[in-house]
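Structure below is upload39.txt: compact mmCIF, C-alpha atoms and all ligand atoms.
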```txt
# COMPACT_ATOMS: atom_id res chain seq x y z
CA MET A 1 -4.99 -7.85 12.83
CA SER A 2 -4.40 -10.88 10.70
CA ALA A 3 -1.13 -11.12 8.81
CA HIS A 4 -1.21 -13.42 5.87
CA GLN A 5 0.28 -14.06 2.47
CA PRO A 6 -1.73 -12.96 -0.55
CA SER A 7 -3.26 -15.94 -2.27
CA LEU A 8 -4.78 -16.73 -5.59
CA GLY A 9 -8.41 -16.80 -4.57
CA ASP A 10 -11.85 -16.74 -6.07
CA GLU A 11 -12.62 -14.92 -9.25
CA PRO A 12 -14.28 -11.56 -8.68
CA GLY A 13 -17.98 -11.05 -9.22
CA LEU A 14 -18.95 -11.30 -12.84
CA GLY A 15 -21.25 -8.86 -14.54
CA SER A 16 -20.04 -5.86 -12.62
CA GLU A 17 -19.55 -2.67 -14.62
CA ILE A 18 -16.44 -1.61 -12.74
CA PRO A 19 -13.48 -3.94 -13.39
CA PRO A 20 -12.23 -5.79 -10.31
CA LEU A 21 -9.44 -4.11 -8.43
CA TYR A 22 -6.88 -6.18 -6.57
CA ASN A 23 -5.41 -4.62 -3.47
CA VAL A 24 -2.57 -5.61 -1.17
CA VAL A 25 -1.39 -3.86 1.98
CA TYR A 26 1.84 -4.77 3.71
CA CYS A 27 4.42 -3.29 5.99
CA SER A 28 8.14 -3.97 6.20
CA ARG A 29 11.30 -2.70 7.80
CA ALA A 30 13.83 -0.72 5.75
CA THR A 31 17.29 -2.27 5.81
CA ALA A 32 20.07 -0.36 7.52
CA ASP A 33 21.51 1.46 4.50
CA VAL A 34 18.16 2.77 3.23
CA ASP A 35 17.92 6.52 3.83
CA ASP A 36 15.50 9.19 2.56
CA ALA A 37 17.41 9.51 -0.73
CA ALA A 38 17.12 5.77 -1.31
CA VAL A 39 13.39 5.94 -0.62
CA GLN A 40 13.07 8.76 -3.17
CA ARG A 41 14.80 6.58 -5.75
CA ILE A 42 12.43 3.70 -4.98
CA VAL A 43 9.43 5.99 -5.46
CA CYS A 44 10.70 7.53 -8.74
CA ALA A 45 11.28 4.08 -10.27
CA ALA A 46 7.98 2.81 -8.87
CA GLN A 47 6.01 5.66 -10.44
CA ARG A 48 7.40 4.85 -13.87
CA ARG A 49 6.89 1.10 -13.57
CA ASN A 50 3.47 1.31 -11.93
CA ALA A 51 2.15 3.55 -14.69
CA GLU A 52 3.04 0.80 -17.17
CA GLY A 53 1.31 -1.89 -15.09
CA GLY A 54 -1.80 0.10 -14.19
CA ILE A 55 -0.86 0.05 -10.49
CA THR A 56 -1.64 2.93 -8.16
CA GLY A 57 -1.07 3.37 -4.46
CA MET A 58 0.74 4.93 -1.61
CA LEU A 59 4.00 4.31 0.22
CA VAL A 60 4.27 5.51 3.78
CA PHE A 61 7.77 5.74 5.24
CA GLY A 62 8.52 6.69 8.82
CA SER A 63 10.88 5.57 11.59
CA GLY A 64 12.48 3.03 9.28
CA VAL A 65 9.19 1.29 8.49
CA PHE A 66 7.44 1.01 5.13
CA PHE A 67 3.70 0.66 4.75
CA GLN A 68 2.43 0.26 1.20
CA TRP A 69 -1.04 0.22 -0.32
CA LEU A 70 -1.09 -1.23 -3.85
CA GLU A 71 -4.07 -1.55 -6.15
CA GLY A 72 -4.46 -2.55 -9.77
CA PRO A 73 -5.00 -5.59 -11.98
CA ARG A 74 -4.42 -8.81 -10.03
CA ALA A 75 -1.65 -10.15 -12.29
CA ALA A 76 0.29 -6.88 -12.22
CA VAL A 77 0.06 -6.51 -8.43
CA LEU A 78 1.08 -10.14 -7.84
CA ALA A 79 4.05 -9.75 -10.20
CA LEU A 80 5.12 -6.66 -8.26
CA MET A 81 4.73 -8.48 -4.94
CA ALA A 82 7.12 -11.17 -6.20
CA LEU A 83 9.71 -8.47 -6.93
CA LEU A 84 9.08 -6.79 -3.59
CA ARG A 85 9.62 -10.02 -1.70
CA SER A 86 13.17 -10.32 -3.03
CA ASP A 87 14.04 -6.65 -2.74
CA ARG A 88 16.90 -6.33 -0.26
CA ARG A 89 16.09 -2.74 0.62
CA HIS A 90 13.50 -4.02 3.08
CA GLU A 91 12.93 -7.05 5.27
CA SER A 92 10.43 -8.52 7.75
CA ILE A 93 7.58 -8.08 5.27
CA VAL A 94 4.20 -8.57 6.94
CA PHE A 95 1.11 -8.80 4.76
CA LEU A 96 -1.78 -6.99 6.38
CA SER A 97 -4.57 -7.51 3.91
CA GLU A 98 -5.41 -8.67 0.44
CA ASN A 99 -8.69 -8.11 -1.28
CA GLU A 100 -10.33 -7.98 -4.68
CA GLU A 101 -13.57 -6.23 -5.47
CA ALA A 102 -15.22 -4.08 -8.09
CA ARG A 103 -14.70 -0.53 -6.89
CA GLU A 104 -13.03 2.68 -7.95
CA ARG A 105 -9.39 3.25 -7.05
CA LEU A 106 -8.83 5.07 -3.80
CA PHE A 107 -5.92 7.07 -5.22
CA PRO A 108 -6.48 7.08 -8.98
CA THR A 109 -3.83 9.69 -9.79
CA TRP A 110 -1.07 8.28 -7.57
CA GLU A 111 1.25 5.93 -9.46
CA MET A 112 3.01 5.76 -6.11
CA GLU A 113 2.79 8.61 -3.67
CA LEU A 114 5.26 8.92 -0.84
CA VAL A 115 3.57 9.99 2.39
CA SER A 116 5.41 10.56 5.66
CA GLY A 117 4.23 8.76 8.76
CA GLU A 118 3.18 12.01 10.39
CA HIS A 119 0.88 12.97 7.47
CA ILE A 120 -0.74 9.67 6.76
CA ARG A 121 -3.87 10.22 8.84
CA ASP A 122 -4.56 13.63 7.24
CA VAL A 123 -4.24 12.10 3.78
CA LEU A 124 -6.67 9.32 4.61
CA GLN A 125 -9.12 11.62 6.35
CA ASP A 126 -9.20 13.92 3.29
CA ALA A 127 -9.80 10.93 1.03
CA LEU A 128 -12.58 9.72 3.31
CA ASN A 129 -14.32 13.08 3.02
CA ASP A 130 -14.25 12.76 -0.79
CA VAL A 131 -15.52 9.22 -1.34
CA HIS A 132 -19.22 8.45 -1.56
CA ASP A 133 -19.24 4.88 -2.81
CA PRO A 134 -19.80 2.48 0.12
CA HIS A 135 -17.11 0.05 -1.11
CA ASP A 136 -14.54 2.83 -1.32
CA ASN A 137 -15.63 4.10 2.06
CA ALA A 138 -15.20 0.65 3.62
CA ALA A 139 -11.78 0.16 1.96
CA LEU A 140 -10.58 3.51 3.27
CA ARG A 141 -11.84 2.84 6.77
CA ALA A 142 -10.01 -0.49 6.78
CA LEU A 143 -6.83 1.27 5.67
CA LEU A 144 -7.25 3.94 8.34
CA ALA A 145 -7.69 1.24 10.96
CA GLU A 146 -4.45 -0.45 9.89
CA VAL A 147 -2.58 2.85 9.90
CA GLU A 148 -3.96 3.64 13.36
CA LEU A 149 -2.51 0.36 14.60
CA ARG A 150 0.94 1.32 13.36
CA TRP A 151 1.07 5.10 13.59
CA GLY A 152 -1.68 5.71 16.09
CA ALA A 153 0.39 5.40 19.25
CA ALA A 154 0.96 8.57 21.27
CA ASP A 155 4.69 8.01 20.83
CA PRO A 156 5.49 8.54 17.12
CA ALA A 157 8.21 5.91 17.36
CA LEU A 158 6.66 2.86 15.78
CA SER A 159 6.07 -0.36 17.57
CA PRO A 160 8.49 -3.03 16.39
CA LEU A 161 7.47 -5.29 13.55
CA PRO A 162 7.37 -8.99 14.19
CA SER A 163 10.59 -10.49 12.90
C1 LIG A 201 9.29 -0.48 0.08
C2 LIG A 201 9.42 -0.68 -1.40
C3 LIG A 201 8.35 -0.34 -2.23
C4 LIG A 201 8.43 -0.53 -3.59
N1 LIG A 201 7.37 -0.21 -4.39
C5 LIG A 201 7.43 -0.45 -5.71
C6 LIG A 201 6.33 -0.14 -6.55
O1 LIG A 201 5.28 0.34 -6.12
N2 LIG A 201 6.46 -0.41 -7.87
C7 LIG A 201 7.60 -0.93 -8.42
O2 LIG A 201 7.66 -1.17 -9.61
N3 LIG A 201 8.66 -1.21 -7.64
C8 LIG A 201 8.61 -0.99 -6.32
N4 LIG A 201 9.68 -1.27 -5.53
C9 LIG A 201 10.90 -1.81 -6.17
C10 LIG A 201 10.74 -3.29 -6.50
O3 LIG A 201 10.99 -4.07 -5.33
C11 LIG A 201 11.74 -3.69 -7.60
O4 LIG A 201 13.02 -3.34 -7.22
C12 LIG A 201 11.40 -2.96 -8.87
O5 LIG A 201 10.11 -3.33 -9.27
C13 LIG A 201 12.39 -3.23 -10.00
O6 LIG A 201 12.64 -4.57 -10.11
P1 LIG A 201 13.82 -5.04 -11.08
O7 LIG A 201 15.03 -4.34 -10.58
O8 LIG A 201 13.85 -6.52 -10.93
O9 LIG A 201 13.42 -4.60 -12.44
C14 LIG A 201 9.63 -1.08 -4.16
C15 LIG A 201 10.70 -1.41 -3.32
C16 LIG A 201 10.60 -1.22 -1.96
C17 LIG A 201 11.76 -1.56 -1.09
```
Now, as a test, write the supplied structure out as structure tokens.
Ligand SMILES: Cc1cc2nc3c(=O)[nH]c(=O)nc-3n(C[C@H](O)[C@H](O)[C@H](O)COP(=O)(O)O)c2cc1C
Amino acid sequence: MSAHQPSLGDEPGLGSEIPPLYNVVYCSRATADVDDAAVQRIVCAAQRRNAEGGITGMLVFGSGVFFQWLEGPRAAVLALMALLRSDRRHESIVFLSENEEARERLFPTWEMELVSGEHIRDVLQDALNDVHDPHDNAALRALLAEVELRWGAADPALSPLPS
């Protein structure tokens, strides 16, 4: 798994009918004082703000670790990433992937959905059964593979993040 910072890269393919969708996946460790109530507050505020910026996605929280899938217009997602980087409610942020391509959103109705670590595979498997577009299918399989790396261990306690 390659961990890297998102970068300003090439422009997406021109002439496509579907507008390009920018996507970032990262994981991080919640800081000590962040409990379930704090996570709920993060998600409520995120849903409101993401709706304004055209961002959709999913936040997985389990065993003190966040895993977030963000997709939307490049400028909006990058602006959010800048805020996330300085948010003191999490630390040890590790970028897992960044990608831009013309495809439909994986979770079009989720301004930010909170999913628990134990349910994440069911959610992704359901989504996989629903998508037919090969780009969406590939994006979902990549996400599933990343989740498997983090939540796939027999022991539900997560492996430590690199510090
Ligand atoms: C794990 C985590 C996920 C977050 N996800 C979002 C999000 O999807 N959208 C959002 O607007 N803010 C999100 N936030 C909050 C932002 O970091 C930031 O606090 C928020 O955008 C408000 O910034 P402001 O207080 O400077 O206005 C998240 C914070 C954390 C810790």
message: Neighbouring residues of stretch 127-134 of chain A were defined as those with any atom within 12 Å, considering only C-alpha atoms; residues of the same chain fewer than 3 positions away were excluded. Please report them as JSON, numbers by chain.
response: {"A": [102, 103, 104, 105, 106, 107, 108, 120, 121, 122, 123, 124, 137, 138, 139, 140, 141, 142, 143, 144]}
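Distance-wise, atom CA of A:Arg85 and atom CA of A:Arg29 end up 12.1 Å apart.
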Once you add 4 Å to each side, what are the centre and edge lengths of the axis-aligned box holding all listed atoms of stretch 92-97 of chain A? One decimal in Å, as JSON, if you can.
```
{"center_x": 2.9, "center_y": -7.9, "center_z": 5.8, "size_x": 23.0, "size_y": 9.8, "size_z": 11.8}
```
With ligand LIG 201 (chain A) as the partner and 10 Å as the cut-off, tabulate the residues of chain A that qualify, each row holding the nearest pair of atoms and their distance in Å to one decimal, using only C-alpha atoms and all ligand atoms, sorted by chain and rising number, as CSV.
```
residue,atom,partner,partner_atom,distance
A:Tyr26,CA,A:LIG201,C1,9.3
A:Cys27,CA,A:LIG201,C1,8.2
A:Ser28,CA,A:LIG201,C1,7.1
A:Arg29,CA,A:LIG201,C1,8.3
A:Ala30,CA,A:LIG201,C17,7.2
A:Thr31,CA,A:LIG201,C17,8.9
A:Val34,CA,A:LIG201,C17,8.9
A:Ala38,CA,A:LIG201,C17,9.1
A:Val39,CA,A:LIG201,C1,7.6
A:Arg41,CA,A:LIG201,C9,9.3
A:Ile42,CA,A:LIG201,C14,5.6
A:Val43,CA,A:LIG201,N1,6.6
A:Cys44,CA,A:LIG201,C7,9.0
A:Ala45,CA,A:LIG201,O2,6.4
A:Ala46,CA,A:LIG201,N2,3.7
A:Gln47,CA,A:LIG201,N2,6.6
A:Arg48,CA,A:LIG201,O2,7.4
A:Arg49,CA,A:LIG201,O2,4.6
A:Asn50,CA,A:LIG201,N2,5.3
A:Ala51,CA,A:LIG201,O2,8.9
A:Glu52,CA,A:LIG201,O2,9.1
A:Gly53,CA,A:LIG201,O2,8.4
A:Ile55,CA,A:LIG201,O1,7.5
A:Thr56,CA,A:LIG201,O1,7.7
A:Gly57,CA,A:LIG201,O1,7.2
A:Met58,CA,A:LIG201,O1,7.9
A:Leu59,CA,A:LIG201,C3,6.8
A:Val60,CA,A:LIG201,C1,8.6
A:Phe61,CA,A:LIG201,C1,8.2
A:Val65,CA,A:LIG201,C1,8.6
A:Phe66,CA,A:LIG201,C1,5.6
A:Phe67,CA,A:LIG201,C1,7.4
A:Gln68,CA,A:LIG201,C3,6.9
A:Trp69,CA,A:LIG201,O1,8.6
A:Leu70,CA,A:LIG201,O1,6.9
A:Glu71,CA,A:LIG201,O1,9.5
A:Ala76,CA,A:LIG201,O2,9.7
A:Val77,CA,A:LIG201,N2,8.9
A:Ala79,CA,A:LIG201,O5,8.9
A:Leu80,CA,A:LIG201,O5,6.1
A:Met81,CA,A:LIG201,O3,7.7
A:Ala82,CA,A:LIG201,O3,8.1
A:Leu83,CA,A:LIG201,O3,4.9
A:Leu84,CA,A:LIG201,O3,3.8
A:Arg85,CA,A:LIG201,O3,7.1
A:Ser86,CA,A:LIG201,O3,7.0
A:Asp87,CA,A:LIG201,O3,4.8
A:Arg88,CA,A:LIG201,C17,7.1
A:Arg89,CA,A:LIG201,C17,4.8
A:His90,CA,A:LIG201,C17,5.1
A:Glu91,CA,A:LIG201,C17,8.5
A:Ile93,CA,A:LIG201,C1,9.4
A:Glu111,CA,A:LIG201,O1,7.7
A:Met112,CA,A:LIG201,O1,5.9
A:Glu113,CA,A:LIG201,O1,9.0
A:Leu114,CA,A:LIG201,C3,9.9
```
message: What's the separation between atom CA of A:Gly54 and atom CA of A:Pro73, in Å to one decimal place?
response: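 Taking atom CA of A:Gly54 as the start and atom CA of A:Pro73 as the end point, the length is 6.9 Å.
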- request: Would you mind reading off the distance between atom CA of A:Ala145 and atom CA of A:Pro19, one decimal, in Å?
  value: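 Separation of atom CA of A:Ala145 and atom CA of A:Pro19: 25.6 Å.
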Shortest interatomic distance to A:Glu98 - which of A:Ile18, A:Val147, A:Leu78, A:Val115, counting only C-alpha atoms: A:Leu78
Once N, CA, C and O atoms are restored for stretch 76-95 of chain A, what would the output be as an mmCIF file, in the frame of the given file?
```
data_model
loop_
_atom_site.group_PDB
_atom_site.id
_atom_site.type_symbol
_atom_site.label_atom_id
_atom_site.label_comp_id
_atom_site.auth_asym_id
_atom_site.auth_seq_id
_atom_site.Cartn_x
_atom_site.Cartn_y
_atom_site.Cartn_z
ATOM 1 N N ALA A 76 -0.768 -7.888 -12.346
ATOM 2 C CA ALA A 76 0.290 -6.880 -12.220
ATOM 3 C C ALA A 76 0.706 -6.711 -10.763
ATOM 4 O O ALA A 76 1.902 -6.614 -10.442
ATOM 5 N N VAL A 77 -0.267 -6.697 -9.851
ATOM 6 C CA VAL A 77 0.060 -6.510 -8.430
ATOM 7 C C VAL A 77 0.810 -7.739 -7.905
ATOM 8 O O VAL A 77 1.802 -7.618 -7.170
ATOM 9 N N LEU A 78 0.385 -8.931 -8.304
ATOM 10 C CA LEU A 78 1.080 -10.140 -7.840
ATOM 11 C C LEU A 78 2.508 -10.200 -8.379
ATOM 12 O O LEU A 78 3.434 -10.619 -7.673
ATOM 13 N N ALA A 79 2.695 -9.763 -9.635
ATOM 14 C CA ALA A 79 4.050 -9.750 -10.200
ATOM 15 C C ALA A 79 4.928 -8.773 -9.412
ATOM 16 O O ALA A 79 6.097 -9.070 -9.108
ATOM 17 N N LEU A 80 4.362 -7.629 -9.049
ATOM 18 C CA LEU A 80 5.120 -6.660 -8.260
ATOM 19 C C LEU A 80 5.428 -7.233 -6.874
ATOM 20 O O LEU A 80 6.545 -7.077 -6.364
ATOM 21 N N MET A 81 4.481 -7.909 -6.267
ATOM 22 C CA MET A 81 4.730 -8.480 -4.940
ATOM 23 C C MET A 81 5.888 -9.469 -4.983
ATOM 24 O O MET A 81 6.678 -9.555 -4.040
ATOM 25 N N ALA A 82 6.000 -10.223 -6.076
ATOM 26 C CA ALA A 82 7.120 -11.170 -6.200
ATOM 27 C C ALA A 82 8.441 -10.412 -6.212
ATOM 28 O O ALA A 82 9.418 -10.830 -5.573
ATOM 29 N N LEU A 83 8.484 -9.277 -6.914
ATOM 30 C CA LEU A 83 9.710 -8.470 -6.930
ATOM 31 C C LEU A 83 9.985 -7.891 -5.542
ATOM 32 O O LEU A 83 11.121 -7.869 -5.067
ATOM 33 N N LEU A 84 8.930 -7.414 -4.913
ATOM 34 C CA LEU A 84 9.080 -6.790 -3.590
ATOM 35 C C LEU A 84 9.635 -7.773 -2.571
ATOM 36 O O LEU A 84 10.440 -7.411 -1.714
ATOM 37 N N ARG A 85 9.177 -9.016 -2.672
ATOM 38 C CA ARG A 85 9.620 -10.020 -1.700
ATOM 39 C C ARG A 85 11.122 -10.245 -1.750
ATOM 40 O O ARG A 85 11.723 -10.599 -0.753
ATOM 41 N N SER A 86 11.721 -10.066 -2.932
ATOM 42 C CA SER A 86 13.170 -10.320 -3.030
ATOM 43 C C SER A 86 13.982 -9.029 -3.040
ATOM 44 O O SER A 86 15.176 -9.062 -3.306
ATOM 45 N N ASP A 87 13.326 -7.920 -2.757
ATOM 46 C CA ASP A 87 14.040 -6.650 -2.740
ATOM 47 C C ASP A 87 14.781 -6.494 -1.414
ATOM 48 O O ASP A 87 14.159 -6.488 -0.338
ATOM 49 N N ARG A 88 16.088 -6.338 -1.479
ATOM 50 C CA ARG A 88 16.900 -6.330 -0.260
ATOM 51 C C ARG A 88 16.900 -4.983 0.452
ATOM 52 O O ARG A 88 17.578 -4.821 1.474
ATOM 53 N N ARG A 89 16.161 -4.037 -0.068
ATOM 54 C CA ARG A 89 16.090 -2.740 0.620
ATOM 55 C C ARG A 89 15.086 -2.755 1.771
ATOM 56 O O ARG A 89 14.969 -1.786 2.512
ATOM 57 N N HIS A 90 14.357 -3.864 1.899
ATOM 58 C CA HIS A 90 13.500 -4.020 3.080
ATOM 59 C C HIS A 90 13.451 -5.480 3.488
ATOM 60 O O HIS A 90 13.858 -6.377 2.744
ATOM 61 N N GLU A 91 12.965 -5.688 4.718
ATOM 62 C CA GLU A 91 12.930 -7.050 5.270
ATOM 63 C C GLU A 91 11.740 -7.142 6.227
ATOM 64 O O GLU A 91 11.026 -6.156 6.437
ATOM 65 N N SER A 92 11.544 -8.309 6.804
ATOM 66 C CA SER A 92 10.430 -8.520 7.750
ATOM 67 C C SER A 92 9.097 -8.070 7.151
ATOM 68 O O SER A 92 8.322 -7.350 7.786
ATOM 69 N N ILE A 93 8.830 -8.473 5.926
ATOM 70 C CA ILE A 93 7.580 -8.080 5.270
ATOM 71 C C ILE A 93 6.407 -8.793 5.947
ATOM 72 O O ILE A 93 6.430 -10.005 6.136
ATOM 73 N N VAL A 94 5.411 -8.009 6.315
ATOM 74 C CA VAL A 94 4.200 -8.570 6.940
ATOM 75 C C VAL A 94 2.999 -8.149 6.105
ATOM 76 O O VAL A 94 2.734 -6.950 5.946
ATOM 77 N N PHE A 95 2.297 -9.120 5.537
ATOM 78 C CA PHE A 95 1.110 -8.800 4.760
ATOM 79 C C PHE A 95 -0.048 -8.528 5.696
ATOM 80 O O PHE A 95 -0.334 -9.327 6.587
#
```
